file target.cif (mmCIF, C-alpha atoms)
data_run
#
loop_
_atom_site.label_atom_id
_atom_site.label_comp_id
_atom_site.auth_asym_id
_atom_site.auth_seq_id
_atom_site.Cartn_x
_atom_site.Cartn_y
_atom_site.Cartn_z
CA MET O 1 117.90 -3.54 54.49
CA CYS O 2 116.43 -1.83 57.40
CA SER O 3 118.33 -0.31 60.13
CA SER O 4 117.74 -1.14 63.68
CA LYS O 5 115.96 2.17 64.11
CA THR O 6 113.37 1.51 61.40
CA ARG O 7 112.74 -2.12 62.24
CA LEU O 8 109.24 -2.96 63.25
CA HIS O 9 108.81 -4.11 66.71
CA GLN O 10 106.06 -6.40 67.27
CA ASN O 11 105.66 -5.28 70.81
CA GLY O 12 106.18 -1.55 70.08
CA ASN O 13 103.58 1.01 69.01
CA THR O 14 105.78 3.56 67.20
CA ILE O 15 107.90 3.64 64.08
CA ASN O 16 110.31 6.44 63.80
CA GLY O 17 108.41 8.27 66.42
CA ARG O 18 104.97 7.73 64.81
CA ALA O 19 102.26 5.68 66.37
CA VAL O 20 101.22 2.77 64.20
CA LEU O 21 99.20 -0.30 64.57
CA GLU O 22 100.94 -3.48 64.84
CA PRO O 23 100.75 -5.70 61.70
CA LYS O 24 98.44 -8.17 63.36
CA SER O 25 96.22 -5.56 64.89
CA ASN O 26 94.40 -4.95 61.51
CA GLN O 27 93.98 -8.61 60.69
CA VAL O 28 90.88 -10.49 61.76
CA PRO O 29 90.83 -14.19 61.83
CA THR O 30 88.94 -15.59 58.86
CA LEU O 31 86.55 -17.74 60.85
CA GLU O 32 85.72 -14.97 63.29
CA ARG O 33 85.15 -12.52 60.45
CA ARG O 34 82.72 -14.88 58.77
CA ASN O 35 80.81 -15.37 61.96
CA SER O 36 80.57 -11.64 62.50
CA LEU O 37 79.34 -11.10 58.94
CA LYS O 38 76.68 -13.70 59.46
CA LYS O 39 75.52 -11.94 62.59
CA ASN O 40 75.57 -8.44 61.11
CA ASN O 41 74.07 -9.38 57.72
CA PRO O 42 71.24 -11.83 58.21
CA LYS O 43 69.78 -13.53 55.10
CA PRO O 44 66.81 -11.72 53.57
CA PRO O 45 63.48 -13.44 54.00
CA ILE O 46 62.12 -15.54 51.16
CA ILE O 47 58.38 -15.14 50.32
CA ASN O 48 56.72 -17.08 47.50
CA ASN O 49 60.13 -18.07 46.11
CA MET O 50 61.10 -14.40 45.97
CA ILE O 51 64.07 -12.92 47.92
CA ILE O 52 63.12 -9.62 49.42
CA ASN O 53 65.93 -7.15 49.68
CA PRO O 54 65.38 -4.97 52.76
CA SER O 55 67.74 -2.32 51.40
CA LEU O 56 65.27 -1.41 48.64
CA SER O 57 63.01 1.48 49.58
CA SER O 58 60.06 0.45 47.28
CA PRO O 59 57.96 -2.52 48.26
CA PRO O 60 58.36 -5.68 46.22
CA ILE O 61 55.94 -6.37 43.35
CA SER O 62 54.13 -9.64 43.73
CA PRO O 63 53.85 -11.78 40.62
CA LYS O 64 50.43 -12.23 38.86
CA LEU O 65 48.76 -15.33 40.03
CA LYS O 66 46.31 -17.29 37.88
CA SER O 67 42.76 -16.81 39.06
CA PRO O 68 41.17 -19.99 40.21
CA ARG O 69 38.62 -21.49 37.75
CA PRO O 70 35.06 -21.02 39.03
CA LEU O 71 33.05 -24.05 39.76
CA PRO O 72 30.14 -24.80 37.36
CA VAL O 73 26.80 -23.68 38.72
CA LYS O 74 23.49 -25.17 37.52
CA PRO O 75 20.99 -22.56 36.27
CA ILE O 76 17.99 -22.11 38.49
CA LYS O 77 14.64 -21.58 36.77
CA PRO O 78 12.95 -18.45 38.08
CA SER O 79 9.53 -18.77 39.59
CA ALA O 80 6.38 -17.10 38.24
CA ASP O 81 6.71 -14.19 40.65
CA GLN O 82 10.32 -13.66 39.65
CA ASN O 83 9.29 -13.68 35.95
CA ILE O 84 6.70 -11.01 36.63
CA LEU O 85 9.24 -8.90 38.46
CA THR O 86 11.77 -9.35 35.68
CA LYS O 87 9.30 -8.41 32.98
CA SER O 88 8.07 -5.41 34.88
CA SER O 89 11.62 -4.23 35.51
CA SER O 90 12.58 -4.70 31.85
CA SER O 91 9.42 -2.95 30.72
CA LEU O 92 10.26 -0.05 32.98
CA ILE O 93 13.66 0.19 31.35
CA VAL O 94 12.30 -0.08 27.78
CA GLU O 95 9.33 2.15 28.40
CA ALA O 96 11.29 4.98 29.90
CA PRO O 97 9.48 8.31 29.46
CA GLY O 98 10.37 9.96 26.17
CA SER O 99 11.93 6.84 24.63
CA ILE O 100 11.10 5.72 21.08
CA ALA O 101 10.10 2.25 22.26
CA ALA O 102 7.60 3.69 24.73
CA ALA O 103 6.03 5.93 22.08
CA ARG O 104 5.78 3.05 19.60
CA ARG O 105 4.27 0.72 22.19
CA GLU O 106 1.70 3.34 23.13
CA GLN O 107 0.81 3.88 19.47
CA VAL O 108 0.33 0.15 18.88
CA SER O 109 -1.85 -0.18 21.97
CA ILE O 110 -4.06 2.70 20.79
CA MET O 111 -4.45 1.09 17.34
CA GLN O 112 -5.38 -2.23 18.91
CA GLU O 113 -7.99 -0.57 21.10
CA GLN O 114 -9.48 1.23 18.10
CA ARG O 115 -9.62 -2.02 16.12
CA LYS O 116 -11.33 -3.84 19.00
CA PHE O 117 -13.82 -1.00 19.29
CA LYS O 118 -14.67 -1.15 15.58
CA ILE O 119 -15.15 -4.92 15.69
CA ALA O 120 -17.24 -4.78 18.85
CA HIS O 121 -19.48 -1.96 17.60
CA TYR O 122 -19.84 -2.95 13.95
CA GLY O 123 -23.47 -2.41 12.94
CA ARG O 124 -24.34 -0.95 16.34
CA LEU O 125 -25.28 2.47 17.59
CA LYS O 126 -24.16 3.93 20.91
CA SER O 127 -26.83 4.79 23.39
CA GLY O 128 -26.60 7.14 26.36
CA ASN O 129 -25.02 4.44 28.47
CA ASN O 130 -21.70 3.18 27.20
CA ASP O 131 -22.35 -0.28 28.58
CA ASN O 132 -25.58 -0.80 26.66
CA HIS O 133 -25.66 -0.77 22.88
CA LYS O 134 -28.70 -0.93 20.67
CA THR O 135 -28.39 -3.10 17.57
CA VAL O 136 -29.71 -1.45 14.40
CA PRO O 137 -30.07 -3.01 10.93
CA LEU O 138 -27.36 -2.22 8.39
CA ASP O 139 -29.95 -1.46 5.72
CA THR O 140 -31.97 1.62 6.51
CA ASN O 141 -34.46 0.94 3.70
CA ASN O 142 -37.75 -0.77 4.28
CA THR O 143 -37.07 -4.52 4.33
CA SER O 144 -40.55 -5.30 3.02
CA GLU O 145 -39.81 -3.43 -0.24
CA GLU O 146 -37.73 -5.40 -2.72
CA LYS O 147 -34.65 -3.75 -4.18
CA ARG O 148 -34.26 -2.85 -7.82
CA CYS O 149 -31.07 -3.63 -9.73
CA SER O 150 -28.14 -1.92 -8.07
CA PHE O 151 -27.49 0.39 -11.05
CA ILE O 152 -30.80 2.08 -10.24
CA THR O 153 -29.94 4.58 -7.51
CA PRO O 154 -31.92 7.29 -5.68
CA THR O 155 -30.32 9.86 -8.01
CA SER O 156 -31.34 8.02 -11.20
CA ASP O 157 -33.53 9.93 -13.64
CA PRO O 158 -37.25 8.98 -13.50
CA ILE O 159 -37.27 8.24 -17.24
CA TYR O 160 -34.48 5.71 -16.72
CA ILE O 161 -36.24 4.15 -13.71
CA ALA O 162 -39.46 3.83 -15.76
CA TYR O 163 -37.54 2.17 -18.61
CA HIS O 164 -36.04 -0.32 -16.14
CA ASP O 165 -39.39 -1.08 -14.50
CA GLU O 166 -41.46 -1.36 -17.69
CA GLU O 167 -39.30 -2.26 -20.71
CA TRP O 168 -35.77 -3.47 -19.94
CA GLY O 169 -35.61 -7.24 -20.16
CA VAL O 170 -39.17 -7.68 -21.47
CA PRO O 171 -39.22 -10.04 -24.51
CA VAL O 172 -40.00 -8.10 -27.71
CA HIS O 173 -41.31 -9.72 -30.91
CA ASN O 174 -42.51 -6.65 -32.82
CA ASP O 175 -40.29 -5.82 -35.81
CA MET O 176 -40.72 -2.04 -35.50
CA LEU O 177 -39.90 -2.08 -31.79
CA LEU O 178 -36.90 -4.36 -32.37
CA PHE O 179 -35.67 -1.93 -35.03
CA GLU O 180 -36.13 0.96 -32.58
CA LEU O 181 -34.16 -0.82 -29.81
CA LEU O 182 -31.39 -1.62 -32.29
CA VAL O 183 -31.12 2.09 -33.15
CA LEU O 184 -31.23 3.16 -29.49
CA THR O 185 -28.47 0.77 -28.43
CA GLY O 186 -26.31 1.97 -31.32
CA ALA O 187 -26.87 5.59 -30.29
CA GLN O 188 -26.06 4.73 -26.69
CA VAL O 189 -22.38 4.10 -27.56
CA GLY O 190 -20.35 6.98 -26.11
CA SER O 191 -23.39 8.27 -24.25
CA ASP O 192 -25.75 6.95 -21.57
CA TRP O 193 -29.23 5.46 -21.54
CA THR O 194 -30.80 8.49 -19.84
CA SER O 195 -29.68 10.85 -22.63
CA VAL O 196 -30.77 8.43 -25.35
CA LEU O 197 -34.19 7.87 -23.76
CA LYS O 198 -34.75 11.63 -23.63
CA LYS O 199 -34.07 11.77 -27.40
CA ARG O 200 -36.35 8.82 -28.06
CA PRO O 201 -39.47 10.80 -29.06
CA ALA O 202 -37.42 12.87 -31.56
CA LEU O 203 -35.89 9.73 -33.04
CA ARG O 204 -39.29 8.15 -33.47
CA GLU O 205 -40.51 11.23 -35.30
CA ALA O 206 -37.40 11.48 -37.46
CA PHE O 207 -37.57 7.85 -38.60
CA SER O 208 -41.34 7.52 -39.04
CA GLY O 209 -41.91 5.33 -36.01
CA PHE O 210 -39.05 3.01 -37.15
CA ASP O 211 -40.98 1.59 -40.04
CA ALA O 212 -38.25 -0.17 -42.02
CA GLU O 213 -40.08 0.15 -45.33
CA VAL O 214 -40.47 3.93 -44.98
CA VAL O 215 -36.95 4.55 -43.69
CA ALA O 216 -35.40 2.50 -46.50
CA LYS O 217 -36.89 4.96 -49.05
CA LEU O 218 -35.29 8.08 -47.56
CA SER O 219 -33.30 10.09 -50.11
CA GLU O 220 -29.98 11.78 -49.56
CA LYS O 221 -31.72 15.14 -49.36
CA LYS O 222 -34.07 13.83 -46.68
CA ILE O 223 -31.14 12.33 -44.74
CA ILE O 224 -29.40 15.73 -44.64
CA SER O 225 -32.64 17.41 -43.60
CA ILE O 226 -33.21 14.95 -40.72
CA SER O 227 -29.63 15.40 -39.52
CA ALA O 228 -29.99 19.19 -39.43
CA GLU O 229 -33.52 19.29 -38.00
CA TYR O 230 -33.09 16.76 -35.16
CA GLY O 231 -29.41 17.29 -34.41
CA ILE O 232 -28.45 13.72 -35.31
CA ASP O 233 -25.05 12.97 -36.79
CA ILE O 234 -25.42 12.42 -40.50
CA SER O 235 -23.39 9.18 -40.43
CA GLN O 236 -25.81 7.85 -37.82
CA VAL O 237 -28.78 8.72 -40.03
CA ARG O 238 -27.18 6.91 -42.96
CA GLY O 239 -26.52 3.91 -40.71
CA VAL O 240 -30.20 3.73 -39.73
CA VAL O 241 -31.21 3.83 -43.41
CA ASP O 242 -28.73 1.07 -44.30
CA ASN O 243 -29.96 -1.12 -41.44
CA SER O 244 -33.57 -0.68 -42.58
CA ASN O 245 -32.60 -2.11 -45.97
CA ARG O 246 -30.87 -5.07 -44.28
CA ILE O 247 -33.99 -5.72 -42.18
CA LEU O 248 -36.11 -5.86 -45.36
CA GLN O 249 -33.73 -8.49 -46.76
CA VAL O 250 -33.96 -10.52 -43.54
CA LYS O 251 -37.76 -10.36 -43.69
CA LYS O 252 -37.69 -11.88 -47.17
CA GLU O 253 -35.51 -14.74 -45.90
CA TYR O 254 -36.98 -15.41 -42.45
CA GLY O 255 -40.46 -13.89 -42.75
CA SER O 256 -39.78 -11.31 -40.01
CA PHE O 257 -36.92 -9.62 -38.25
CA SER O 258 -38.18 -11.10 -34.98
CA LYS O 259 -37.79 -14.69 -36.22
CA TYR O 260 -34.27 -13.95 -37.36
CA VAL O 261 -33.23 -12.45 -34.01
CA TRP O 262 -34.96 -14.98 -31.73
CA GLY O 263 -33.61 -17.87 -33.76
CA PHE O 264 -30.17 -17.31 -32.18
CA VAL O 265 -31.58 -18.22 -28.72
CA ASN O 266 -33.98 -20.95 -29.90
CA ASN O 267 -36.99 -18.66 -29.33
CA LYS O 268 -36.44 -18.72 -25.56
CA ALA O 269 -35.08 -15.93 -23.40
CA MET O 270 -31.79 -16.67 -21.71
CA ARG O 271 -32.19 -16.57 -17.93
CA LYS O 272 -29.25 -15.44 -15.84
CA GLU O 273 -28.77 -15.55 -12.06
CA TYR O 274 -26.66 -12.51 -11.26
CA LYS O 275 -26.55 -11.26 -7.68
CA TRP O 276 -24.29 -8.26 -8.27
CA SER O 277 -24.35 -5.83 -11.20
CA LYS O 278 -20.57 -6.03 -11.55
CA LYS O 279 -21.02 -9.65 -12.61
CA ILE O 280 -23.15 -8.70 -15.63
CA PRO O 281 -20.91 -8.95 -18.73
CA VAL O 282 -20.71 -6.39 -21.52
CA LYS O 283 -20.61 -9.09 -24.18
CA THR O 284 -20.86 -12.87 -24.48
CA SER O 285 -20.08 -15.55 -27.01
CA LYS O 286 -23.72 -15.42 -28.12
CA SER O 287 -23.58 -11.68 -28.81
CA GLU O 288 -20.34 -12.20 -30.73
CA SER O 289 -21.93 -14.84 -32.97
CA ILE O 290 -24.99 -12.62 -33.64
CA SER O 291 -22.74 -9.64 -34.35
CA LYS O 292 -20.62 -11.65 -36.78
CA ASP O 293 -23.67 -12.80 -38.75
CA MET O 294 -25.20 -9.30 -38.90
CA VAL O 295 -21.91 -7.77 -40.06
CA LYS O 296 -21.84 -10.28 -42.93
CA ARG O 297 -25.35 -9.17 -43.92
CA GLY O 298 -24.25 -5.51 -44.07
CA PHE O 299 -25.65 -4.17 -40.77
CA ARG O 300 -23.91 -1.17 -39.25
CA TYR O 301 -23.22 -0.31 -35.58
CA VAL O 302 -23.66 -3.95 -34.53
CA GLY O 303 -20.50 -4.76 -32.52
CA PRO O 304 -20.61 -7.51 -29.82
CA THR O 305 -21.13 -4.96 -27.03
CA VAL O 306 -23.95 -3.16 -28.88
CA ILE O 307 -25.64 -6.46 -29.70
CA TYR O 308 -25.49 -7.64 -26.07
CA SER O 309 -27.08 -4.37 -24.97
CA PHE O 310 -29.72 -4.97 -27.66
CA MET O 311 -30.31 -8.50 -26.32
CA GLN O 312 -30.86 -7.09 -22.81
CA ALA O 313 -33.25 -4.40 -24.06
CA ALA O 314 -35.22 -6.80 -26.28
CA GLY O 315 -35.48 -9.47 -23.57
CA LEU O 316 -33.38 -12.08 -25.35
CA THR O 317 -31.53 -12.34 -22.05
CA ASN O 318 -32.87 -11.58 -18.58
CA ASP O 319 -30.09 -9.75 -16.77
CA HIS O 320 -32.16 -8.36 -13.89
CA LEU O 321 -30.49 -9.20 -10.61
CA THR O 322 -32.06 -11.96 -8.56
CA THR O 323 -32.87 -9.40 -5.85
CA CYS O 324 -34.83 -7.27 -8.32
CA PRO O 325 -38.62 -7.91 -8.53
CA ARG O 326 -38.40 -7.58 -12.34
CA HIS O 327 -36.26 -10.71 -12.50
CA LEU O 328 -39.28 -13.00 -12.18
CA GLN O 329 -41.73 -10.67 -13.91
CA CYS O 330 -39.73 -10.68 -17.14
CA LEU O 331 -39.73 -14.47 -17.49
#
call {"tool": "encode", "arguments": {"input": "target.cif", "output": "structure tokens"}}
result
Amino acid sequence: MCSSKTRLHQNGNTINGRAVLEPKSNQVPTLERRNSLKKNNPKPPIINNMIINPSLSSPPISPKLKSPRPLPVKPIKPSADQNILTKSSSSLIVEAPGSIAAARREQVSIMQEQRKFKIAHYGRLKSGNNDNHKTVPLDTNNTSEEKRCSFITPTSDPIYIAYHDEEWGVPVHNDMLLFELLVLTGAQVGSDWTSVLKKRPALREAFSGFDAEVVAKLSEKKIISISAEYGIDISQVRGVVDNSNRILQVKKEYGSFSKYVWGFVNNKAMRKEYKWSKKIPVKTSKSESISKDMVKRGFRYVGPTVIYSFMQAAGLTNDHLTTCPRHLQCL
């Protein structure tokens, strides 16, 4: 219970000598308070569904918006001038100084120019003026003079040239000369025609002019003497003696060595039409058949290659090139 002295007076301003507010002086009517709060604290603005708080010091972060989809655009074909500009600009980029592409392109262009120059000036000779060119023939030889077979060159030995112009390919029917050519072609294996032709006079002397009847009578002592005197391998000397005996047997059967040999080609020289020497064979089926028959009869040094060379030398086949004047003369 409160005494009368401590009782609150609604109309007084002191309690026990102290100044106090009256109980209702601190109370604010609810409706008025709400209205004052509304006035003092206005609602924050709303932007893009976002409430912005003005009390925050940092600015608000806007949300990421989806970029609008671009409208389709039809491609426009560039004109001719635009193409030229584009190509020139791209070439400037590719052909930058010092780039690998520029160096390669320059190298290719130089090669193309050299190739065009070779094609344009093939068979021609430059004159003083670069614009005028004088055409010269590819062959510097005299066109009126016919060419020999291509294996006859300016460096060929005169004895070989004479053999080509006078004997090679000429039909031979003499038994002694056929025997001589058979020996020469056998000696030519592992050597060359020029060396064999230079030994020809010594061989003729050693074998009595290639008389088969005389050679067949040579004794072993005479064979050794011939080998030592003329520098001929002794096995080669014995082979010549053996072949002379085989020729004598053929003569008894056929009447002559010539009839035996020419019987393989029906007594008619085989005519060939070769334009290049590389086309001339080293052996044929005909030389193989002749070689096989002679081997059966006991001949020595008569392989298919040797026999084909013998056929060429004896004129059984005409292997002069068609460009050679001897081609028609040997028919």
call {"tool": "resolve_selection", "arguments": {"input": "target.cif", "expression": "the PyMOL selection byres ((chain O and resi 169) around 10)", "output": "ChimeraX atom specification"}}
result
/O:163-168,170-172,269,310-320,326-327,329-331
call {"tool": "write_last_selection", "arguments": {"input": "target.cif", "atoms": "C-alpha atoms", "output": "tab-separated table (two decimals), in the frame of the given file"}}
result
chain	number	residue	atom	x	y	z
O	163	TYR	CA	-37.54	2.17	-18.61
O	164	HIS	CA	-36.04	-0.32	-16.14
O	165	ASP	CA	-39.39	-1.08	-14.50
O	166	GLU	CA	-41.46	-1.36	-17.69
O	167	GLU	CA	-39.30	-2.26	-20.71
O	168	TRP	CA	-35.77	-3.47	-19.94
O	170	VAL	CA	-39.17	-7.68	-21.47
O	171	PRO	CA	-39.22	-10.04	-24.51
O	172	VAL	CA	-40.00	-8.10	-27.71
O	269	ALA	CA	-35.08	-15.93	-23.40
O	310	PHE	CA	-29.72	-4.97	-27.66
O	311	MET	CA	-30.31	-8.50	-26.32
O	312	GLN	CA	-30.86	-7.09	-22.81
O	313	ALA	CA	-33.25	-4.40	-24.06
O	314	ALA	CA	-35.22	-6.80	-26.28
O	315	GLY	CA	-35.48	-9.47	-23.57
O	316	LEU	CA	-33.38	-12.08	-25.35
O	317	THR	CA	-31.53	-12.34	-22.05
O	318	ASN	CA	-32.87	-11.58	-18.58
O	319	ASP	CA	-30.09	-9.75	-16.77
O	320	HIS	CA	-32.16	-8.36	-13.89
O	326	ARG	CA	-38.40	-7.58	-12.34
O	327	HIS	CA	-36.26	-10.71	-12.50
O	329	GLN	CA	-41.73	-10.67	-13.91
O	330	CYS	CA	-39.73	-10.68	-17.14
O	331	LEU	CA	-39.73	-14.47	-17.49
call {"tool": "atom_distance", "arguments": {"input": "target.cif", "atom1": "atom CA of O:Gly239", "atom2": "atom CA of O:Tyr301"}}
result
7.4 Å
call {"tool": "residues_around", "arguments": {"input": "target.cif", "residues": "O:Asn245", "least_positions_apart": "6", "cutoff": "12 Å", "atoms": "only C-alpha atoms", "output": "JSON, numbers by chain"}}
result
{"O": [179, 211, 212, 213, 214, 215, 216, 217, 218, 238, 239, 251, 252, 257, 297, 298, 299, 300]}
call {"tool": "atom_distance", "arguments": {"input": "target.cif", "atom1": "atom CA of O:Leu182", "atom2": "atom CA of O:Ser309"}}
result
8.9 Å
call {"tool": "atom_distance", "arguments": {"input": "target.cif", "atom1": "atom CA of O:Ser244", "atom2": "atom CA of O:Lys221"}}
result
17.3 Å
call {"tool": "closest_residue", "arguments": {"input": "target.cif", "among": "O:Arg105, O:Arg271, O:Arg246, O:Arg204", "to": "O:Met176", "atoms": "only C-alpha atoms"}}
result
O:Arg204
call {"tool": "closest_residue", "arguments": {"input": "target.cif", "among": "O:Glu229, O:Glu273, O:Asp175, O:Asp242", "to": "O:Ser258", "atoms": "only C-alpha atoms"}}
result
O:Asp175
